[in-house]
file final.tsv (TSV, C-alpha atoms and all ligand atoms)
chain	number	residue	atom	x	y	z
S	19	MET	CA	0.00	0.00	0.00
S	20	ALA	CA	1.33	3.47	-0.88
S	21	ALA	CA	2.50	5.47	2.11
S	22	HIS	CA	0.09	8.34	1.37
S	23	SER	CA	-2.97	6.08	1.64
S	24	ALA	CA	-1.92	4.47	4.93
S	25	ARG	CA	-4.35	5.15	7.78
S	26	PRO	CA	-2.89	7.39	10.47
S	27	ARG	CA	-3.47	5.37	13.59
S	28	LEU	CA	-2.95	7.84	16.40
S	29	THR	CA	-4.35	11.36	16.16
S	30	VAL	CA	-3.87	14.01	18.83
S	31	LEU	CA	-6.32	16.93	18.97
S	32	SER	CA	-5.12	19.93	20.97
S	33	GLY	CA	-6.00	23.59	21.24
S	34	PRO	CA	-6.76	26.20	23.85
S	35	SER	CA	-9.38	25.63	26.50
S	36	GLY	CA	-12.79	26.63	25.17
S	37	VAL	CA	-11.90	26.43	21.47
S	38	GLY	CA	-14.43	23.60	21.02
S	39	LYS	CA	-12.42	20.34	21.05
S	40	SER	CA	-15.04	18.34	22.99
S	41	THR	CA	-17.88	19.81	20.94
S	42	VAL	CA	-16.20	18.84	17.66
S	43	VAL	CA	-15.33	15.34	18.88
S	44	ALA	CA	-18.86	14.75	20.22
S	45	HIS	CA	-20.33	15.84	16.88
S	46	MET	CA	-17.97	13.60	14.98
S	47	ARG	CA	-18.69	10.57	17.16
S	48	LYS	CA	-22.45	11.00	16.81
S	49	GLU	CA	-22.04	10.22	13.11
S	50	HIS	CA	-19.06	7.90	13.53
S	51	PRO	CA	-19.29	6.08	16.86
S	52	GLU	CA	-16.50	3.79	15.66
S	53	VAL	CA	-13.97	6.56	16.30
S	54	TRP	CA	-12.41	5.59	19.60
S	55	LEU	CA	-11.59	8.41	22.00
S	56	SER	CA	-9.29	7.80	24.93
S	57	VAL	CA	-10.90	8.57	28.31
S	58	SER	CA	-8.38	10.50	30.41
S	59	ALA	CA	-7.81	10.36	34.15
S	60	THR	CA	-8.07	13.70	35.93
S	61	THR	CA	-7.92	15.18	39.41
S	62	ARG	CA	-10.41	17.87	38.33
S	63	ARG	CA	-13.83	17.69	39.99
S	64	PRO	CA	-16.66	16.65	37.65
S	65	ARG	CA	-18.77	19.34	36.04
S	66	PRO	CA	-22.55	18.91	36.17
S	67	GLY	CA	-23.50	16.12	33.77
S	68	GLU	CA	-19.99	14.63	33.54
S	69	ARG	CA	-19.87	10.91	34.28
S	70	ASP	CA	-17.00	8.88	35.70
S	71	GLY	CA	-15.60	6.50	33.10
S	72	VAL	CA	-17.38	8.33	30.27
S	73	HIS	CA	-16.04	11.88	30.21
S	74	TYR	CA	-13.08	11.22	32.50
S	75	PHE	CA	-11.90	8.83	35.16
S	76	PHE	CA	-12.17	11.16	38.14
S	77	VAL	CA	-9.43	10.34	40.66
S	78	ASP	CA	-7.92	11.99	43.71
S	79	ASP	CA	-4.30	13.15	43.98
S	80	GLY	CA	-3.14	9.92	45.60
S	81	GLU	CA	-4.67	7.79	42.87
S	82	PHE	CA	-3.11	10.00	40.19
S	83	ASP	CA	0.29	9.66	41.90
S	84	LYS	CA	-0.09	5.88	41.73
S	85	LEU	CA	-0.99	5.95	38.03
S	86	ILE	CA	2.24	7.86	37.40
S	87	ALA	CA	4.36	5.67	39.67
S	88	ASN	CA	3.04	2.48	38.03
S	89	GLY	CA	3.78	3.75	34.53
S	90	GLU	CA	0.10	3.55	33.64
S	91	LEU	CA	-0.03	6.90	31.84
S	92	LEU	CA	1.15	7.37	28.28
S	93	GLU	CA	1.49	11.08	29.02
S	94	TRP	CA	0.30	13.45	31.70
S	95	ALA	CA	0.33	17.14	32.51
S	96	GLU	CA	-0.78	19.71	35.02
S	97	PHE	CA	-3.21	22.16	33.46
S	98	ALA	CA	-4.72	25.18	35.24
S	99	GLY	CA	-4.40	23.60	38.67
S	100	ASN	CA	-5.43	20.01	37.92
S	101	ARG	CA	-3.66	16.96	36.55
S	102	TYR	CA	-4.74	15.04	33.45
S	103	GLY	CA	-3.32	11.86	31.90
S	104	THR	CA	-3.92	9.31	29.16
S	105	PRO	CA	-4.27	5.69	30.36
S	106	ARG	CA	-1.65	3.76	28.43
S	107	GLU	CA	-3.12	0.26	28.21
S	108	ALA	CA	-6.41	1.06	26.46
S	109	VAL	CA	-4.62	3.14	23.83
S	110	MET	CA	-2.00	0.46	23.15
S	111	ASP	CA	-4.69	-2.24	22.92
S	112	ARG	CA	-6.61	-0.27	20.29
S	113	LEU	CA	-3.51	0.57	18.30
S	114	GLY	CA	-2.46	-3.09	18.53
S	115	ALA	CA	-5.81	-4.05	17.01
S	116	GLY	CA	-5.14	-1.62	14.13
S	117	GLU	CA	-7.93	0.77	15.10
S	118	PRO	CA	-7.69	4.55	14.82
S	119	VAL	CA	-7.27	6.27	18.16
S	120	LEU	CA	-8.03	9.87	19.09
S	121	LEU	CA	-6.54	11.74	22.06
S	122	GLU	CA	-7.97	15.11	23.14
S	123	ILE	CA	-5.18	16.57	25.26
S	124	ASP	CA	-3.31	19.78	26.01
S	125	LEU	CA	-0.12	21.11	24.43
S	126	GLN	CA	2.19	19.59	27.07
S	127	GLY	CA	0.66	16.16	26.43
S	128	ALA	CA	0.88	16.60	22.66
S	129	ARG	CA	4.59	17.35	23.00
S	130	GLN	CA	5.11	14.19	25.05
S	131	ILE	CA	3.29	12.10	22.43
S	132	ARG	CA	5.41	13.65	19.68
S	133	GLU	CA	8.50	12.46	21.58
S	134	SER	CA	7.30	8.96	22.44
S	135	MET	CA	5.22	8.21	19.31
S	136	PRO	CA	6.60	10.31	16.43
S	137	GLU	CA	4.27	8.58	13.97
S	138	ALA	CA	1.26	10.25	15.60
S	139	GLN	CA	-0.39	13.11	13.74
S	140	LEU	CA	-0.86	16.29	15.76
S	141	VAL	CA	-3.87	18.45	14.96
S	142	PHE	CA	-4.27	21.96	16.38
S	143	LEU	CA	-7.75	23.38	16.79
S	144	ALA	CA	-7.62	27.18	16.59
S	145	PRO	CA	-10.33	29.74	17.39
S	146	PRO	CA	-11.54	32.17	14.69
S	147	SER	CA	-10.23	34.99	16.94
S	148	TRP	CA	-9.03	35.66	20.49
S	149	GLU	CA	-12.30	37.48	21.26
S	150	GLU	CA	-14.33	34.46	20.15
S	151	LEU	CA	-12.20	32.15	22.32
S	152	VAL	CA	-12.87	34.33	25.38
S	153	ARG	CA	-16.57	34.41	24.49
S	154	ARG	CA	-16.76	30.60	24.22
S	155	LEU	CA	-14.82	29.89	27.41
S	156	THR	CA	-16.80	32.44	29.39
S	157	GLY	CA	-20.11	31.51	27.77
S	158	ARG	CA	-19.70	27.83	28.65
S	159	GLY	CA	-20.27	28.89	32.23
S	160	THR	CA	-18.39	25.97	33.80
S	161	GLU	CA	-15.43	27.76	35.36
S	162	ALA	CA	-15.04	30.46	38.00
S	163	PRO	CA	-13.55	33.78	36.76
S	164	GLU	CA	-10.11	33.03	38.26
S	165	VAL	CA	-10.03	29.63	36.54
S	166	ILE	CA	-11.01	31.26	33.24
S	167	GLU	CA	-8.05	33.63	33.72
S	168	ARG	CA	-5.65	30.71	34.25
S	169	ARG	CA	-7.00	28.95	31.18
S	170	LEU	CA	-6.67	32.09	29.05
S	171	GLU	CA	-3.10	32.50	30.26
S	172	ALA	CA	-2.37	28.93	29.14
S	173	ALA	CA	-4.18	29.67	25.85
S	174	ARG	CA	-1.60	32.34	24.95
S	175	THR	CA	1.19	29.75	25.22
S	176	GLU	CA	-0.85	27.16	23.32
S	177	LEU	CA	-1.68	29.54	20.46
S	178	ALA	CA	2.01	30.44	20.15
S	179	ALA	CA	2.84	26.75	19.64
S	180	GLU	CA	0.57	26.17	16.66
S	181	SER	CA	3.52	25.67	14.29
S	182	GLU	CA	4.57	22.54	16.22
S	183	PHE	CA	1.48	20.76	14.90
S	184	ASP	CA	1.10	18.92	11.59
S	185	THR	CA	-2.25	20.51	10.76
S	186	THR	CA	-4.36	23.44	11.96
S	187	LEU	CA	-8.15	23.44	11.76
S	188	VAL	CA	-10.01	26.67	12.55
S	189	ASN	CA	-13.19	26.02	14.50
S	190	THR	CA	-15.63	28.31	12.77
S	191	SER	CA	-18.15	25.56	11.99
S	192	VAL	CA	-18.37	22.47	14.20
S	193	GLU	CA	-19.67	20.37	11.34
S	194	ASP	CA	-16.93	21.42	8.91
S	195	VAL	CA	-14.17	20.80	11.44
S	196	ALA	CA	-15.62	17.42	12.42
S	197	ASN	CA	-15.59	16.41	8.74
S	198	GLU	CA	-12.03	17.66	8.29
S	199	LEU	CA	-10.90	15.71	11.33
S	200	LEU	CA	-12.60	12.55	10.06
S	201	ALA	CA	-10.82	12.96	6.74
S	202	LEU	CA	-7.47	13.38	8.52
S	203	MET	CA	-8.16	10.19	10.49
S	204	ARG	CA	-9.12	8.46	7.21
S	205	VAL	CA	-12.44	7.43	8.77
S	206	ALA	CA	-14.65	9.12	6.16
S	301	LIG	N1	-17.83	26.38	16.18
S	301	LIG	C1	-18.38	26.87	17.29
S	301	LIG	N2	-19.13	27.99	17.26
S	301	LIG	C2	-19.68	28.52	18.39
S	301	LIG	N3	-19.55	27.97	19.61
S	301	LIG	C3	-18.81	26.85	19.71
S	301	LIG	C4	-18.20	26.24	18.57
S	301	LIG	N4	-17.54	25.12	19.00
S	301	LIG	C5	-17.73	25.04	20.33
S	301	LIG	N5	-18.50	26.07	20.77
S	301	LIG	C6	-18.89	26.35	22.16
S	301	LIG	O1	-17.72	26.76	22.86
S	301	LIG	C7	-17.76	26.31	24.22
S	301	LIG	C8	-16.48	25.54	24.54
S	301	LIG	O2	-16.49	24.33	23.80
S	301	LIG	P1	-15.81	22.98	24.37
S	301	LIG	O3	-16.23	22.76	25.77
S	301	LIG	O4	-16.08	21.92	23.37
S	301	LIG	O5	-14.28	23.43	24.33
S	301	LIG	P2	-12.96	22.58	24.67
S	301	LIG	O6	-11.93	23.00	23.70
S	301	LIG	O7	-13.29	21.13	24.73
S	301	LIG	O8	-12.62	23.15	26.09
S	301	LIG	P3	-11.68	22.52	27.28
S	301	LIG	O9	-10.32	22.34	26.74
S	301	LIG	O10	-11.78	23.57	28.34
S	301	LIG	O11	-12.31	21.24	27.72
S	301	LIG	C9	-19.03	25.48	24.36
S	301	LIG	O12	-20.02	26.27	24.99
S	301	LIG	C10	-19.41	25.13	22.93
S	301	LIG	O13	-20.79	24.96	22.76
S	302	LIG	N1	-2.08	16.31	28.75
S	302	LIG	C1	-3.37	15.98	28.87
S	302	LIG	N2	-4.33	16.92	28.74
S	302	LIG	C2	-5.60	16.53	28.83
S	302	LIG	C3	-5.99	15.20	29.05
S	302	LIG	N3	-7.34	15.13	29.11
S	302	LIG	C4	-7.79	16.38	28.90
S	302	LIG	N4	-6.75	17.22	28.74
S	302	LIG	C5	-6.78	18.66	28.47
S	302	LIG	O1	-6.93	19.39	29.69
S	302	LIG	C6	-7.49	20.66	29.38
S	302	LIG	C7	-8.62	20.96	30.34
S	302	LIG	O2	-9.67	20.04	30.20
S	302	LIG	P1	-11.08	20.27	30.94
S	302	LIG	O3	-11.90	19.05	30.64
S	302	LIG	O4	-10.80	20.47	32.38
S	302	LIG	O5	-11.67	21.51	30.31
S	302	LIG	C8	-7.97	20.59	27.93
S	302	LIG	O6	-7.00	21.23	27.12
S	302	LIG	C9	-7.96	19.12	27.63
S	302	LIG	O7	-7.75	18.82	26.27
S	302	LIG	C10	-4.95	14.23	29.16
S	302	LIG	O8	-5.17	13.02	29.35
S	302	LIG	N5	-3.67	14.66	29.07
call {"tool": "encode", "arguments": {"input": "final.tsv", "output": "structure tokens"}}
result
Amino acid sequence: MAAHSARPRLTVLSGPSGVGKSTVVAHMRKEHPEVWLSVSATTRRPRPGERDGVHYFFVDDGEFDKLIANGELLEWAEFAGNRYGTPREAVMDRLGAGEPVLLEIDLQGARQIRESMPEAQLVFLAPPSWEELVRRLTGRGTEAPEVIERRLEAARTELAAESEFDTTLVNTSVEDVANELLALMRVA
């Protein structure tokens, strides 16, 4: 098979908090439930409606320490006061079975994946503008003002790192971006 038609097997989706990563992925998976998304572990408290084992594995600091110590995380990072990590085994099982895998993680995690799995494709989701990013993050209504500030501070660093990624998608239309991501993953 020609190299250009090979299916990319691991795709990392990153971008500043509030840009719409979860919204795009949820839209994509409604049409294509076969796209497997890694469920991360986090020390963040659940938001209303978030379910353990579905949106995240919600753990305390001690449990997260153990995941790190036991080598159970493929990557992990501290983001805006909480820790987040990708459980290694489930990802490796899927990749071993030849299935496409999607990670939705922050810039620090994307950099770690680039180091450990250079064959992964890194996709950056960018906002149409800074003002729109602030509007989305604030409008979501899930974070206190001081947490929004921390996330926006991190967003400046993340936006400055766009050139480290293989591809940038601008999230103007959820549907368009979901289709572009599917095409990059060779699912549709
Ligand atoms: N294309 C879009 N146009 C307008 N609003 C959007 C668009 N995409 C997402 N949103 C809205 O922006 C807000 C943030 O989206 P979402 O929670 O998916 O972001 P995220 O990147 O996953 O954030 P985080 O990294 O903090 O988890 C939500 O209220 C969502 O409905
Ligand atoms: N490095 C990692 N980052 C992750 C992981 N899971 C999620 N995230 C990123 O954290 C921020 C904040 O998420 P939120 O749900 O609290 O809004 C966001 O950028 C996520 O993409 C992970 O396993 N590793």
call {"tool": "residues_near_ligand", "arguments": {"input": "final.tsv", "ligand": "ligand LIG 302 (chain S)", "cutoff": "10 Å", "atoms": "all atoms listed in the file", "output": "ChimeraX atom specification"}}
result
/S:30-40,56-65,68,73-75,91-106,121-131,155,160-161,169,172-173,176
call {"tool": "atom_distance", "arguments": {"input": "final.tsv", "atom1": "atom P1 of ligand LIG 301 (chain S)", "atom2": "CA of Glu117 (chain S)"}}
result
25.3 Å
call {"tool": "axis_aligned_box", "arguments": {"input": "final.tsv", "around": "ligand LIG 301 (chain S)", "padding_each_side": "5 Å", "output": "JSON"}}
result
{"center_x": -15.6, "center_y": 24.8, "center_z": 22.3, "size_x": 20.5, "size_y": 17.4, "size_z": 22.2}
call {"tool": "closest_residue", "arguments": {"input": "final.tsv", "among": "S:Glu193, S:Asp83, S:Glu107, S:Glu171", "to": "ligand LIG 301 (chain S)", "atoms": "only C-alpha atoms and all ligand atoms"}}
result
S:Glu193
call {"tool": "closest_residue", "arguments": {"input": "final.tsv", "among": "S:Glu81, S:Glu133, S:Glu180, S:Asp194", "to": "ligand LIG 301 (chain S)", "atoms": "only C-alpha atoms and all ligand atoms"}}
result
S:Asp194
call {"tool": "atom_distance", "arguments": {"input": "final.tsv", "atom1": "CA of Asp78 (chain S)", "atom2": "CA of Arg158 (chain S)"}}
result
24.8 Å
call {"tool": "closest_residue", "arguments": {"input": "final.tsv", "among": "S:Leu170, S:Met135, S:Leu85, S:Val188", "to": "Ser147 (chain S)", "atoms": "only C-alpha atoms"}}
result
S:Val188
call {"tool": "residues_around", "arguments": {"input": "final.tsv", "residues": "Pro51 (chain S)", "least_positions_apart": "6", "cutoff": "12 Å", "atoms": "only C-alpha atoms", "output": "VMD selection string"}}
result
chain S and resid 43 to 45 118 200 205
call {"tool": "write_last_selection", "arguments": {"input": "final.tsv", "atoms": "C-alpha atoms", "output": "short mmCIF file (atom, residue, chain, number, x, y, z; two decimals), in the frame of the given file"}}
result
data_model
loop_
_atom_site.label_atom_id
_atom_site.label_comp_id
_atom_site.auth_asym_id
_atom_site.auth_seq_id
_atom_site.Cartn_x
_atom_site.Cartn_y
_atom_site.Cartn_z
CA VAL S 43 -15.33 15.34 18.88
CA ALA S 44 -18.86 14.75 20.22
CA HIS S 45 -20.33 15.84 16.88
CA PRO S 118 -7.69 4.55 14.82
CA LEU S 200 -12.60 12.55 10.06
CA VAL S 205 -12.44 7.43 8.77
#
call {"tool": "closest_residue", "arguments": {"input": "final.tsv", "among": "S:Val119, S:Met46, S:Ala178, S:Leu113", "to": "ligand LIG 301 (chain S)", "atoms": "only C-alpha atoms and all ligand atoms"}}
result
S:Met46
call {"tool": "residues_around", "arguments": {"input": "final.tsv", "residues": "Leu187 (chain S)", "least_positions_apart": "5", "cutoff": "10 Å", "atoms": "all atoms listed in the file", "output": "compact mmCIF listing (two decimals) with C-alpha atoms, in the coordinates of the input"}}
result
# COMPACT_ATOMS: atom_id res chain seq x y z
CA LEU S 31 -6.32 16.93 18.97
CA GLY S 33 -6.00 23.59 21.24
CA VAL S 141 -3.87 18.45 14.96
CA PHE S 142 -4.27 21.96 16.38
CA LEU S 143 -7.75 23.38 16.79
CA ALA S 144 -7.62 27.18 16.59
CA PRO S 145 -10.33 29.74 17.39
CA PRO S 146 -11.54 32.17 14.69
CA ASP S 194 -16.93 21.42 8.91
CA VAL S 195 -14.17 20.80 11.44
CA ALA S 196 -15.62 17.42 12.42
CA GLU S 198 -12.03 17.66 8.29
CA LEU S 199 -10.90 15.71 11.33
call {"tool": "atom_distance", "arguments": {"input": "final.tsv", "atom1": "atom O5 of ligand LIG 301 (chain S)", "atom2": "CA of Arg204 (chain S)"}}
result
23.3 Å
call {"tool": "closest_residue", "arguments": {"input": "final.tsv", "among": "S:Gln139, S:Thr175, S:Ser134, S:Thr41", "to": "ligand LIG 301 (chain S)", "atoms": "all atoms listed in the file"}}
result
S:Thr41
